[in-house]
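As stored in model-v1.csv (CSV, C-alpha atoms):
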```csv
chain,number,residue,atom,x,y,z
A,1,MET,CA,-36.2,-129.0,5.8
A,2,PHE,CA,-39.4,-131.0,5.5
A,3,GLY,CA,-40.0,-130.6,9.2
A,4,ARG,CA,-40.8,-127.0,8.6
A,5,THR,CA,-44.1,-127.8,6.8
A,6,LEU,CA,-45.3,-129.7,9.9
A,7,TRP,CA,-45.1,-126.7,12.1
A,8,PRO,CA,-47.7,-124.0,12.6
A,9,ARG,CA,-47.6,-121.6,9.7
A,10,ARG,CA,-46.0,-118.8,11.7
A,11,ALA,CA,-43.2,-120.6,13.3
A,12,SER,CA,-40.9,-118.2,15.0
A,13,SER,CA,-37.2,-117.9,14.2
A,14,ALA,CA,-36.5,-118.9,17.8
A,15,GLN,CA,-38.3,-122.2,17.3
A,16,THR,CA,-36.3,-122.8,14.2
A,17,ALA,CA,-33.1,-122.1,16.2
A,18,LYS,CA,-34.2,-124.6,18.8
A,19,GLU,CA,-35.0,-127.3,16.2
A,20,ARG,CA,-31.7,-126.8,14.4
A,21,LEU,CA,-29.8,-127.1,17.7
A,22,GLN,CA,-31.7,-130.2,18.8
A,23,ILE,CA,-30.9,-132.0,15.6
A,24,LEU,CA,-27.3,-131.0,15.6
A,25,LEU,CA,-26.5,-131.6,19.2
A,26,ALA,CA,-28.2,-135.0,19.1
A,27,HIS,CA,-25.8,-136.0,16.5
A,28,GLU,CA,-22.8,-134.4,18.2
A,29,ARG,CA,-23.5,-135.9,21.6
A,30,GLY,CA,-24.7,-139.3,20.2
A,31,THR,CA,-21.6,-140.4,18.4
A,32,GLY,CA,-19.0,-138.7,20.5
A,33,THR,CA,-16.7,-139.2,17.6
A,34,GLY,CA,-18.2,-136.5,15.5
A,35,PRO,CA,-17.7,-136.6,11.8
A,36,ASP,CA,-14.2,-137.9,12.2
A,37,TYR,CA,-15.0,-141.5,11.3
A,38,LEU,CA,-15.7,-140.4,7.8
A,39,PRO,CA,-12.1,-140.2,6.6
A,40,ALA,CA,-11.6,-143.8,7.7
A,41,LEU,CA,-14.9,-144.8,6.1
A,42,GLN,CA,-13.9,-143.2,2.9
A,43,ARG,CA,-10.5,-144.9,3.0
A,44,ASP,CA,-12.1,-148.3,3.6
A,45,ILE,CA,-14.7,-147.9,0.9
A,46,LEU,CA,-12.0,-146.8,-1.6
A,47,GLU,CA,-9.9,-149.8,-0.7
A,48,VAL,CA,-12.7,-152.2,-1.3
A,49,ILE,CA,-13.6,-150.6,-4.6
A,50,ARG,CA,-10.0,-150.5,-5.7
A,51,ARG,CA,-9.8,-154.3,-5.4
A,52,HIS,CA,-12.0,-154.3,-8.4
A,53,VAL,CA,-11.7,-151.0,-10.3
A,54,PRO,CA,-9.0,-148.5,-10.3
A,55,VAL,CA,-10.5,-145.3,-8.9
A,56,GLU,CA,-8.8,-142.1,-7.8
A,57,GLN,CA,-9.1,-140.4,-4.4
A,58,ASP,CA,-10.5,-137.4,-6.2
A,59,ALA,CA,-13.3,-139.4,-7.8
A,60,VAL,CA,-15.2,-139.8,-4.5
A,61,GLU,CA,-17.9,-137.3,-3.4
A,62,ILE,CA,-19.4,-137.8,0.0
A,63,ARG,CA,-22.5,-135.8,1.1
A,64,MET,CA,-24.2,-135.9,4.4
A,65,GLU,CA,-27.6,-134.6,5.5
A,66,ARG,CA,-28.3,-135.0,9.2
A,67,GLY,CA,-32.0,-135.1,10.1
A,68,ARG,CA,-34.1,-135.6,13.2
A,69,GLU,CA,-35.2,-139.1,12.3
A,70,VAL,CA,-32.8,-140.2,9.7
A,71,SER,CA,-29.5,-139.0,8.2
A,72,SER,CA,-28.4,-139.8,4.8
A,73,LEU,CA,-24.9,-140.4,3.6
A,74,GLU,CA,-24.5,-140.2,-0.2
A,75,ILE,CA,-21.4,-141.5,-1.7
A,76,ASN,CA,-20.7,-140.9,-5.4
A,77,ILE,CA,-17.8,-142.6,-7.0
A,78,GLU,CA,-16.8,-141.7,-10.5
A,79,LEU,CA,-15.6,-144.9,-12.2
A,80,PRO,CA,-13.0,-144.6,-14.9
A,81,ALA,CA,-14.2,-144.9,-18.5
A,82,PRO,CA,-13.6,-148.4,-19.9
A,83,ARG,CA,-10.4,-148.8,-21.7
A,84,ARG,CA,-10.5,-149.5,-25.4
B,1,MET,CA,-0.5,-126.5,-12.6
B,2,THR,CA,-2.9,-126.0,-15.4
B,3,THR,CA,-1.3,-124.8,-18.6
B,4,GLU,CA,-4.4,-123.3,-20.2
B,5,LEU,CA,-6.9,-121.3,-18.3
B,6,LYS,CA,-10.3,-120.9,-19.9
B,7,GLN,CA,-11.3,-117.9,-17.7
B,8,GLU,CA,-9.5,-115.1,-16.2
B,9,ARG,CA,-7.6,-115.9,-13.1
B,10,PRO,CA,-9.6,-115.4,-9.9
B,11,VAL,CA,-8.8,-112.4,-7.7
B,12,GLY,CA,-7.6,-114.7,-4.9
B,13,LYS,CA,-7.8,-112.1,-2.2
B,14,ILE,CA,-7.6,-113.2,1.5
B,15,ILE,CA,-9.6,-111.2,4.0
B,16,VAL,CA,-9.5,-112.0,7.7
B,17,ILE,CA,-12.4,-111.1,9.9
B,18,THR,CA,-10.9,-110.6,13.4
B,19,SER,CA,-11.4,-108.7,16.6
B,20,GLY,CA,-9.6,-110.1,19.6
B,21,LYS,CA,-12.7,-109.9,21.8
B,22,GLY,CA,-15.3,-112.6,21.5
B,23,GLY,CA,-19.0,-112.0,20.8
B,24,VAL,CA,-18.6,-108.8,18.8
B,25,GLY,CA,-19.9,-110.3,15.6
B,26,LYS,CA,-17.0,-111.9,13.7
B,27,THR,CA,-18.9,-114.9,12.5
B,28,THR,CA,-22.0,-112.9,11.6
B,29,THR,CA,-19.8,-110.5,9.7
B,30,SER,CA,-17.9,-113.3,8.0
B,31,ALA,CA,-21.2,-114.9,6.8
B,32,ALA,CA,-22.6,-111.5,5.8
B,33,ILE,CA,-19.5,-110.3,3.9
B,34,GLY,CA,-19.0,-113.7,2.3
B,35,ALA,CA,-22.6,-113.9,1.1
B,36,GLY,CA,-22.5,-110.2,0.1
B,37,LEU,CA,-19.5,-110.8,-2.2
B,38,ALA,CA,-21.0,-114.0,-3.6
B,39,LYS,CA,-24.2,-112.2,-4.3
B,40,ARG,CA,-22.3,-109.8,-6.4
B,41,GLY,CA,-21.1,-112.7,-8.5
B,42,HIS,CA,-17.6,-113.2,-6.9
B,43,LYS,CA,-16.6,-116.7,-6.2
B,44,THR,CA,-16.2,-116.6,-2.4
B,45,VAL,CA,-15.3,-119.1,0.3
B,46,VAL,CA,-15.7,-118.5,4.0
B,47,ILE,CA,-13.3,-120.5,6.3
B,48,ASP,CA,-13.9,-121.2,9.9
B,49,PHE,CA,-10.6,-121.0,11.9
B,50,ASP,CA,-12.2,-121.6,15.3
B,51,VAL,CA,-11.1,-125.2,15.7
B,52,GLY,CA,-13.1,-127.1,18.3
B,53,LEU,CA,-15.8,-124.4,18.5
B,54,ARG,CA,-17.3,-124.7,15.0
B,55,ASN,CA,-20.1,-122.1,14.5
B,56,LEU,CA,-19.8,-120.7,11.0
B,57,ASP,CA,-21.7,-123.7,9.7
B,58,MET,CA,-24.7,-122.8,11.9
B,59,ILE,CA,-24.7,-119.2,11.0
B,60,MET,CA,-24.5,-120.1,7.3
B,61,GLY,CA,-27.2,-122.8,7.8
B,62,CYS,CA,-25.1,-125.8,6.5
B,63,GLU,CA,-24.5,-127.5,9.8
B,64,ARG,CA,-26.2,-130.7,8.8
B,65,ARG,CA,-24.1,-131.2,5.7
B,66,VAL,CA,-20.6,-131.1,7.2
B,67,VAL,CA,-18.7,-134.2,6.1
B,68,PHE,CA,-15.0,-133.3,6.0
B,69,ASP,CA,-13.4,-130.2,7.4
B,70,PHE,CA,-10.4,-127.8,7.2
B,71,ILE,CA,-8.4,-130.0,9.6
B,72,ASN,CA,-9.1,-133.2,7.5
B,73,VAL,CA,-7.8,-131.3,4.5
B,74,ILE,CA,-4.7,-130.1,6.3
B,75,GLN,CA,-4.0,-133.6,7.6
B,76,GLY,CA,-4.4,-135.1,4.2
B,77,GLU,CA,-7.5,-137.1,5.2
B,78,ALA,CA,-9.7,-135.5,2.6
B,79,LYS,CA,-9.3,-133.4,-0.5
B,80,LEU,CA,-10.2,-129.7,-0.4
B,81,LYS,CA,-13.0,-130.3,-3.0
B,82,GLN,CA,-14.6,-132.8,-0.7
B,83,ALA,CA,-14.6,-130.5,2.3
B,84,LEU,CA,-16.0,-127.4,0.6
B,85,ILE,CA,-19.8,-127.1,1.2
B,86,LYS,CA,-21.6,-125.4,-1.6
B,87,ASP,CA,-24.2,-122.9,-0.5
B,88,ARG,CA,-27.7,-123.9,-1.6
B,89,ARG,CA,-28.8,-120.3,-2.1
B,90,LEU,CA,-25.8,-118.8,-4.0
B,91,GLU,CA,-23.7,-121.0,-6.3
B,92,THR,CA,-20.8,-118.6,-6.0
B,93,LEU,CA,-20.5,-119.2,-2.3
B,94,CYS,CA,-18.8,-122.0,-0.4
B,95,VAL,CA,-18.1,-122.8,3.3
B,96,LEU,CA,-15.0,-124.6,4.6
B,97,PRO,CA,-16.0,-125.7,8.1
B,98,THR,CA,-13.6,-126.4,10.8
B,99,SER,CA,-13.3,-129.5,13.1
B,100,GLN,CA,-15.5,-129.7,16.1
B,101,THR,CA,-13.5,-132.4,17.8
B,102,ARG,CA,-9.9,-131.4,17.5
B,103,ASP,CA,-8.1,-128.4,19.0
B,104,LYS,CA,-6.2,-125.5,17.6
B,105,ASP,CA,-2.9,-127.4,17.6
B,106,ALA,CA,-4.2,-129.3,14.6
B,107,LEU,CA,-3.7,-126.1,12.6
B,108,THR,CA,-0.2,-125.7,11.1
B,109,LYS,CA,1.2,-122.7,9.3
B,110,GLU,CA,2.3,-124.9,6.4
B,111,GLY,CA,-1.1,-126.6,6.2
B,112,VAL,CA,-3.0,-123.3,6.3
B,113,GLU,CA,-0.7,-121.9,3.6
B,114,ALA,CA,-1.2,-124.9,1.3
B,115,VAL,CA,-5.0,-124.8,1.7
B,116,LEU,CA,-5.1,-121.0,1.1
B,117,ALA,CA,-2.9,-121.4,-2.0
B,118,GLU,CA,-5.3,-124.0,-3.5
B,119,LEU,CA,-8.3,-121.8,-2.7
B,120,ARG,CA,-6.6,-118.8,-4.3
B,121,GLU,CA,-6.6,-120.8,-7.6
B,122,GLU,CA,-10.3,-121.0,-7.6
B,123,PHE,CA,-11.9,-118.2,-5.6
B,124,ASP,CA,-12.0,-114.5,-5.9
B,125,TYR,CA,-12.4,-113.9,-2.1
B,126,ILE,CA,-11.3,-116.1,0.8
B,127,ILE,CA,-12.9,-114.9,4.0
B,128,CYS,CA,-11.1,-116.2,7.1
B,129,ASP,CA,-13.4,-116.2,10.2
B,130,SER,CA,-10.9,-115.8,13.1
B,131,PRO,CA,-11.5,-117.2,16.5
B,132,ALA,CA,-11.6,-114.8,19.5
B,133,GLY,CA,-8.3,-114.2,21.3
B,134,ILE,CA,-4.8,-113.7,19.9
B,135,GLU,CA,-3.5,-117.2,20.1
B,136,LYS,CA,-2.5,-119.7,17.5
B,137,GLY,CA,-5.9,-119.9,15.7
B,138,ALA,CA,-6.3,-116.2,15.5
B,139,GLN,CA,-2.7,-115.7,14.5
B,140,LEU,CA,-3.0,-118.2,11.7
B,141,ALA,CA,-6.3,-116.8,10.5
B,142,MET,CA,-4.6,-113.4,10.0
B,143,TYR,CA,-1.1,-114.5,8.9
B,144,PHE,CA,-1.7,-114.8,5.2
B,145,ALA,CA,-4.3,-112.1,4.9
B,146,ASP,CA,-4.2,-109.3,2.3
B,147,GLU,CA,-6.9,-107.3,4.0
B,148,ALA,CA,-8.4,-107.3,7.5
B,149,VAL,CA,-11.8,-106.3,8.8
B,150,VAL,CA,-11.5,-105.6,12.6
B,151,VAL,CA,-15.0,-106.0,14.1
B,152,THR,CA,-15.4,-103.6,17.0
B,153,ASN,CA,-18.2,-102.7,19.3
B,154,PRO,CA,-18.3,-99.1,20.7
B,155,GLU,CA,-17.3,-100.4,24.1
B,156,VAL,CA,-14.0,-100.1,26.0
B,157,SER,CA,-12.8,-103.7,26.1
B,158,SER,CA,-13.7,-104.3,22.4
B,159,VAL,CA,-11.8,-101.1,21.3
B,160,ARG,CA,-8.8,-102.1,23.4
B,161,ASP,CA,-8.7,-105.6,22.0
B,162,SER,CA,-9.1,-104.2,18.4
B,163,ASP,CA,-6.1,-102.0,19.0
B,164,ARG,CA,-4.1,-105.0,20.1
B,165,VAL,CA,-5.2,-107.0,17.0
B,166,LEU,CA,-4.3,-104.1,14.8
B,167,GLY,CA,-0.8,-104.2,16.3
B,168,LEU,CA,-0.6,-107.9,15.5
B,169,LEU,CA,-1.8,-107.4,11.9
B,170,ALA,CA,1.1,-104.9,11.6
B,171,SER,CA,3.7,-107.1,13.0
B,172,LYS,CA,2.9,-110.8,13.2
B,173,THR,CA,1.7,-111.5,9.6
B,174,LYS,CA,3.3,-112.5,6.4
B,175,ARG,CA,2.9,-109.1,4.8
B,176,ALA,CA,4.5,-107.5,7.9
B,177,GLU,CA,7.4,-109.9,7.9
B,178,GLU,CA,8.2,-109.8,4.2
B,179,GLU,CA,10.4,-107.0,3.2
B,180,GLY,CA,8.9,-104.7,0.6
B,181,ALA,CA,5.4,-106.2,0.9
B,182,GLU,CA,2.4,-103.8,1.2
B,183,PRO,CA,1.1,-103.9,4.7
B,184,ILE,CA,-2.3,-105.6,5.3
B,185,LYS,CA,-5.1,-103.2,4.6
B,186,ALA,CA,-7.0,-103.0,7.9
B,187,GLN,CA,-10.4,-101.4,8.3
B,188,VAL,CA,-12.7,-101.2,11.3
B,189,LEU,CA,-16.3,-102.4,11.1
B,190,LEU,CA,-18.3,-101.0,14.0
B,191,THR,CA,-21.1,-103.5,15.0
B,192,ARG,CA,-23.9,-103.3,17.5
B,193,TYR,CA,-24.0,-99.6,17.0
B,194,ASP,CA,-26.9,-98.1,18.9
B,195,ALA,CA,-27.6,-94.5,17.6
B,196,GLN,CA,-30.0,-93.8,20.5
B,197,ARG,CA,-27.5,-94.8,23.2
B,198,ILE,CA,-24.8,-92.8,21.4
B,199,ALA,CA,-27.1,-89.8,21.4
B,200,LYS,CA,-27.6,-90.1,25.1
B,201,GLY,CA,-23.9,-90.2,25.6
B,202,GLU,CA,-23.9,-93.8,26.8
B,203,MET,CA,-21.9,-95.2,24.0
B,204,MET,CA,-18.8,-93.9,22.2
B,205,THR,CA,-19.4,-92.3,18.9
B,206,VAL,CA,-17.9,-93.5,15.6
B,207,GLU,CA,-15.5,-90.5,15.7
B,208,ASP,CA,-14.4,-91.5,19.2
B,209,VAL,CA,-13.6,-95.1,18.1
B,210,LEU,CA,-11.8,-94.1,14.9
B,211,GLU,CA,-9.8,-91.4,16.7
B,212,ILE,CA,-8.5,-94.1,19.1
B,213,LEU,CA,-7.9,-96.8,16.5
B,214,ALA,CA,-6.7,-94.6,13.7
B,215,VAL,CA,-7.7,-96.9,10.8
B,216,PRO,CA,-10.3,-96.4,8.1
B,217,LEU,CA,-13.9,-97.3,8.7
B,218,LEU,CA,-15.4,-100.0,6.6
B,219,GLY,CA,-18.9,-99.6,7.9
B,220,ILE,CA,-21.3,-99.3,10.8
B,221,ILE,CA,-23.8,-102.1,11.5
B,222,PRO,CA,-26.7,-101.0,13.7
B,223,GLU,CA,-27.8,-103.1,16.6
B,224,SER,CA,-30.7,-105.0,15.1
B,225,PRO,CA,-33.1,-107.8,16.0
B,226,ALA,CA,-32.6,-109.0,12.4
B,227,VAL,CA,-29.1,-110.3,13.4
B,228,LEU,CA,-30.5,-112.7,15.9
B,229,ARG,CA,-33.3,-113.7,13.6
B,230,ALA,CA,-30.8,-114.5,10.8
B,231,SER,CA,-28.6,-116.6,13.1
B,232,ASN,CA,-31.7,-118.4,14.4
B,233,VAL,CA,-32.6,-119.5,10.9
B,234,GLY,CA,-29.1,-120.0,9.6
B,235,VAL,CA,-29.2,-117.4,6.8
B,236,PRO,CA,-26.5,-114.8,6.3
B,237,ILE,CA,-28.1,-111.5,7.1
B,238,VAL,CA,-27.7,-110.1,3.5
B,239,LEU,CA,-29.7,-113.1,2.2
B,240,ASP,CA,-32.5,-112.8,4.8
B,241,ALA,CA,-35.4,-110.4,4.8
B,242,PRO,CA,-34.3,-106.8,4.2
B,243,SER,CA,-33.1,-105.1,7.3
B,244,ASN,CA,-31.1,-102.1,8.4
B,245,ALA,CA,-28.2,-104.4,9.4
B,246,GLY,CA,-28.4,-106.3,6.1
B,247,SER,CA,-28.2,-103.0,4.1
B,248,ALA,CA,-25.4,-101.8,6.3
B,249,TYR,CA,-23.5,-105.0,5.5
B,250,GLU,CA,-24.2,-104.6,1.8
B,251,ASP,CA,-22.8,-101.1,2.0
B,252,ALA,CA,-19.7,-102.5,3.8
B,253,VAL,CA,-19.2,-105.1,1.0
B,254,ALA,CA,-19.5,-102.3,-1.6
B,255,ARG,CA,-16.8,-100.3,0.2
B,256,LEU,CA,-14.6,-103.4,0.4
B,257,MET,CA,-14.9,-103.5,-3.4
B,258,GLY,CA,-13.6,-100.0,-3.5
B,259,GLU,CA,-17.0,-98.3,-4.1
B,260,ASP,CA,-17.7,-94.9,-2.6
B,261,VAL,CA,-20.8,-95.5,-0.5
B,262,ALA,CA,-22.0,-92.8,2.0
B,263,LEU,CA,-22.4,-93.9,5.6
B,264,ARG,CA,-25.9,-94.2,7.0
B,265,LEU,CA,-25.3,-93.0,10.4
B,266,ASP,CA,-28.8,-92.8,11.8
B,267,PRO,CA,-30.7,-95.9,10.7
B,268,ASP,CA,-33.7,-95.3,12.9
B,269,ARG,CA,-34.1,-91.6,12.3
B,270,ARG,CA,-37.2,-90.4,14.0
B,271,PRO,CA,-36.7,-91.5,17.6
B,272,GLY,CA,-32.9,-91.2,17.1
B,273,LEU,CA,-33.1,-87.6,16.0
B,274,MET,CA,-35.3,-86.6,18.9
B,275,ARG,CA,-33.1,-88.3,21.4
B,276,ARG,CA,-30.0,-86.9,19.7
B,277,LEU,CA,-31.2,-83.4,20.1
B,278,PHE,CA,-32.2,-84.1,23.7
B,279,GLY,CA,-28.9,-85.8,24.4
B,280,ARG,CA,-26.8,-83.0,23.0
B,281,THR,CA,-28.3,-80.4,25.2
B,282,ALA,CA,-27.6,-82.4,28.3
```

Could you render the structure as structure tokens?
Amino acid sequence: MFGRTLWPRRASSAQTAKERLQILLAHERGTGTGPDYLPALQRDILEVIRRHVPVEQDAVEIRMERGREVSSLEINIELPAPRR
Amino acid sequence: MTTELKQERPVGKIIVITSGKGGVGKTTTSAAIGAGLAKRGHKTVVIDFDVGLRNLDMIMGCERRVVFDFINVIQGEAKLKQALIKDRRLETLCVLPTSQTRDKDALTKEGVEAVLAELREEFDYIICDSPAGIEKGAQLAMYFADEAVVVTNPEVSSVRDSDRVLGLLASKTKRAEEEGAEPIKAQVLLTRYDAQRIAKGEMMTVEDVLEILAVPLLGIIPESPAVLRASNVGVPIVLDAPSNAGSAYEDAVARLMGEDVALRLDPDRRPGLMRRLFGRTA
């Protein structure tokens, strides 16, 4: 996304294609496990949180944004409303 | 089950995009039709059935955001809601990516059925992007379909494979197996149509292909540099800069909705007409 502004103004679509592939393939080759560690990660995170607060499986939202330099993993957990 | 529905029930129609042959434009078509339907305000999800060779995410431009996939959902490792990727351009559009690391055996008929049933509760259109071939992945992509779009190039091997796929749609699907069910409504979408080469007699005409396959025509997508451009940048062609191919897909979407839209046979008229006249005298 932000990489686009660093390119010459008339970046060709082929350059965009190359850039997208480079980022994606670096991730796919690098880990070898692909995104499949995420189910286990989610399970573990939920387990830890459940030791303290009762949360449902549905209450977790995980978002990923893979970038060239950094990737971000955003985990949103909806906690139950406090009981009266 | 919800007892009270605030809105009308979604249409929940399953459309498979299939072809038998690879490289004819199934994923481009899935992305274009999915985005085209969503653009018209219909809640639409596009599912990648090509397990192990995920590509719909790239064509839709959401490849960096894949967290969970169709297989994770089938195997109970993630909820459907978590695996659906919301399109950033159209809020009515979602993508359900497939797994890049597993193989087609991870797909089960029961799993696919359960996911489709859940999607039917929420979406108007469920577009199933079939893998090439006629094996498990392709068969499961078509099994629960209500309608089929058979993507065909005006070329002998593609037409032959389309014919084979039409045979499978009529025999190896839920609608074919259930007594009294309406058969799948199958239509042909001709892609990579080159009016100039057809005029020169180098490529079969629309009439030739339809005569052989004997199913209705959903549309004709001209060969266009815009298709490669759109895939380079990860934008479904109907959302990219206006192009012949983009308009042809919009027309196909309109016909899919039952609208009567005239075919635009000769997208690049001037040189096409000249060569057509020339070609016909030869």

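Distances from B:Met60, B:Val233, B:Ile47, B:Leu90 to Arg20 in chain A were compared using only C-alpha atoms, and the smallest one belongs to B:Val233.
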
Counting all atoms listed in the file, which residues of chain B come no farther than 12 Å from chain A, as a PDB file with C-alpha atoms, in the frame of the given file?
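result-v9.pdb was written with the following content:
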```
ATOM      1  CA  GLY B  52     -13.100-127.100  18.300  1.00  0.00           C
ATOM      2  CA  ARG B  54     -17.300-124.700  15.000  1.00  0.00           C
ATOM      3  CA  ASN B  55     -20.100-122.100  14.500  1.00  0.00           C
ATOM      4  CA  ASP B  57     -21.700-123.700   9.700  1.00  0.00           C
ATOM      5  CA  MET B  58     -24.700-122.800  11.900  1.00  0.00           C
ATOM      6  CA  ILE B  59     -24.700-119.200  11.000  1.00  0.00           C
ATOM      7  CA  GLY B  61     -27.200-122.800   7.800  1.00  0.00           C
ATOM      8  CA  CYS B  62     -25.100-125.800   6.500  1.00  0.00           C
ATOM      9  CA  GLU B  63     -24.500-127.500   9.800  1.00  0.00           C
ATOM     10  CA  ARG B  64     -26.200-130.700   8.800  1.00  0.00           C
ATOM     11  CA  ARG B  65     -24.100-131.200   5.700  1.00  0.00           C
ATOM     12  CA  VAL B  66     -20.600-131.100   7.200  1.00  0.00           C
ATOM     13  CA  VAL B  67     -18.700-134.200   6.100  1.00  0.00           C
ATOM     14  CA  PHE B  68     -15.000-133.300   6.000  1.00  0.00           C
ATOM     15  CA  ASP B  69     -13.400-130.200   7.400  1.00  0.00           C
ATOM     16  CA  PHE B  70     -10.400-127.800   7.200  1.00  0.00           C
ATOM     17  CA  ILE B  71      -8.400-130.000   9.600  1.00  0.00           C
ATOM     18  CA  ASN B  72      -9.100-133.200   7.500  1.00  0.00           C
ATOM     19  CA  VAL B  73      -7.800-131.300   4.500  1.00  0.00           C
ATOM     20  CA  GLN B  75      -4.000-133.600   7.600  1.00  0.00           C
ATOM     21  CA  GLY B  76      -4.400-135.100   4.200  1.00  0.00           C
ATOM     22  CA  GLU B  77      -7.500-137.100   5.200  1.00  0.00           C
ATOM     23  CA  ALA B  78      -9.700-135.500   2.600  1.00  0.00           C
ATOM     24  CA  LYS B  79      -9.300-133.400  -0.500  1.00  0.00           C
ATOM     25  CA  LEU B  80     -10.200-129.700  -0.400  1.00  0.00           C
ATOM     26  CA  LYS B  81     -13.000-130.300  -3.000  1.00  0.00           C
ATOM     27  CA  GLN B  82     -14.600-132.800  -0.700  1.00  0.00           C
ATOM     28  CA  ALA B  83     -14.600-130.500   2.300  1.00  0.00           C
ATOM     29  CA  LEU B  84     -16.000-127.400   0.600  1.00  0.00           C
ATOM     30  CA  ILE B  85     -19.800-127.100   1.200  1.00  0.00           C
ATOM     31  CA  LYS B  86     -21.600-125.400  -1.600  1.00  0.00           C
ATOM     32  CA  PRO B  97     -16.000-125.700   8.100  1.00  0.00           C
ATOM     33  CA  THR B  98     -13.600-126.400  10.800  1.00  0.00           C
ATOM     34  CA  SER B  99     -13.300-129.500  13.100  1.00  0.00           C
ATOM     35  CA  GLN B 100     -15.500-129.700  16.100  1.00  0.00           C
ATOM     36  CA  THR B 101     -13.500-132.400  17.800  1.00  0.00           C
ATOM     37  CA  ARG B 102      -9.900-131.400  17.500  1.00  0.00           C
ATOM     38  CA  PRO B 225     -33.100-107.800  16.000  1.00  0.00           C
ATOM     39  CA  ALA B 226     -32.600-109.000  12.400  1.00  0.00           C
ATOM     40  CA  VAL B 227     -29.100-110.300  13.400  1.00  0.00           C
ATOM     41  CA  LEU B 228     -30.500-112.700  15.900  1.00  0.00           C
ATOM     42  CA  ARG B 229     -33.300-113.700  13.600  1.00  0.00           C
ATOM     43  CA  ALA B 230     -30.800-114.500  10.800  1.00  0.00           C
ATOM     44  CA  SER B 231     -28.600-116.600  13.100  1.00  0.00           C
ATOM     45  CA  ASN B 232     -31.700-118.400  14.400  1.00  0.00           C
ATOM     46  CA  VAL B 233     -32.600-119.500  10.900  1.00  0.00           C
ATOM     47  CA  GLY B 234     -29.100-120.000   9.600  1.00  0.00           C
ATOM     48  CA  VAL B 235     -29.200-117.400   6.800  1.00  0.00           C
ATOM     49  CA  ASP B 240     -32.500-112.800   4.800  1.00  0.00           C
TER      50      ASP B 240
END
```

Measure the distance from CA of Phe144 in chain B to CA of Arg175 in chain B in Å and round it to one decimal.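 These atoms are spaced 7.3 Å apart.
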
Expressed in Å to a single decimal, how great is the separation between CA of Ala181 in chain B and CA of Leu210 in chain B? 25.3 Å

Interatomic distance (Å, one decimal) between CA of Glu135 in chain B and CA of Val151 in chain B: 17.1 Å

Neighbouring residues of Leu239 in chain B were defined as those with any atom within 10 Å, considering all atoms listed in the file; residues of the same chain fewer than 5 positions away were excluded. Please report them as a PyMOL selection string. chain B and resi 31-32+35-36+39+89-90+230+246
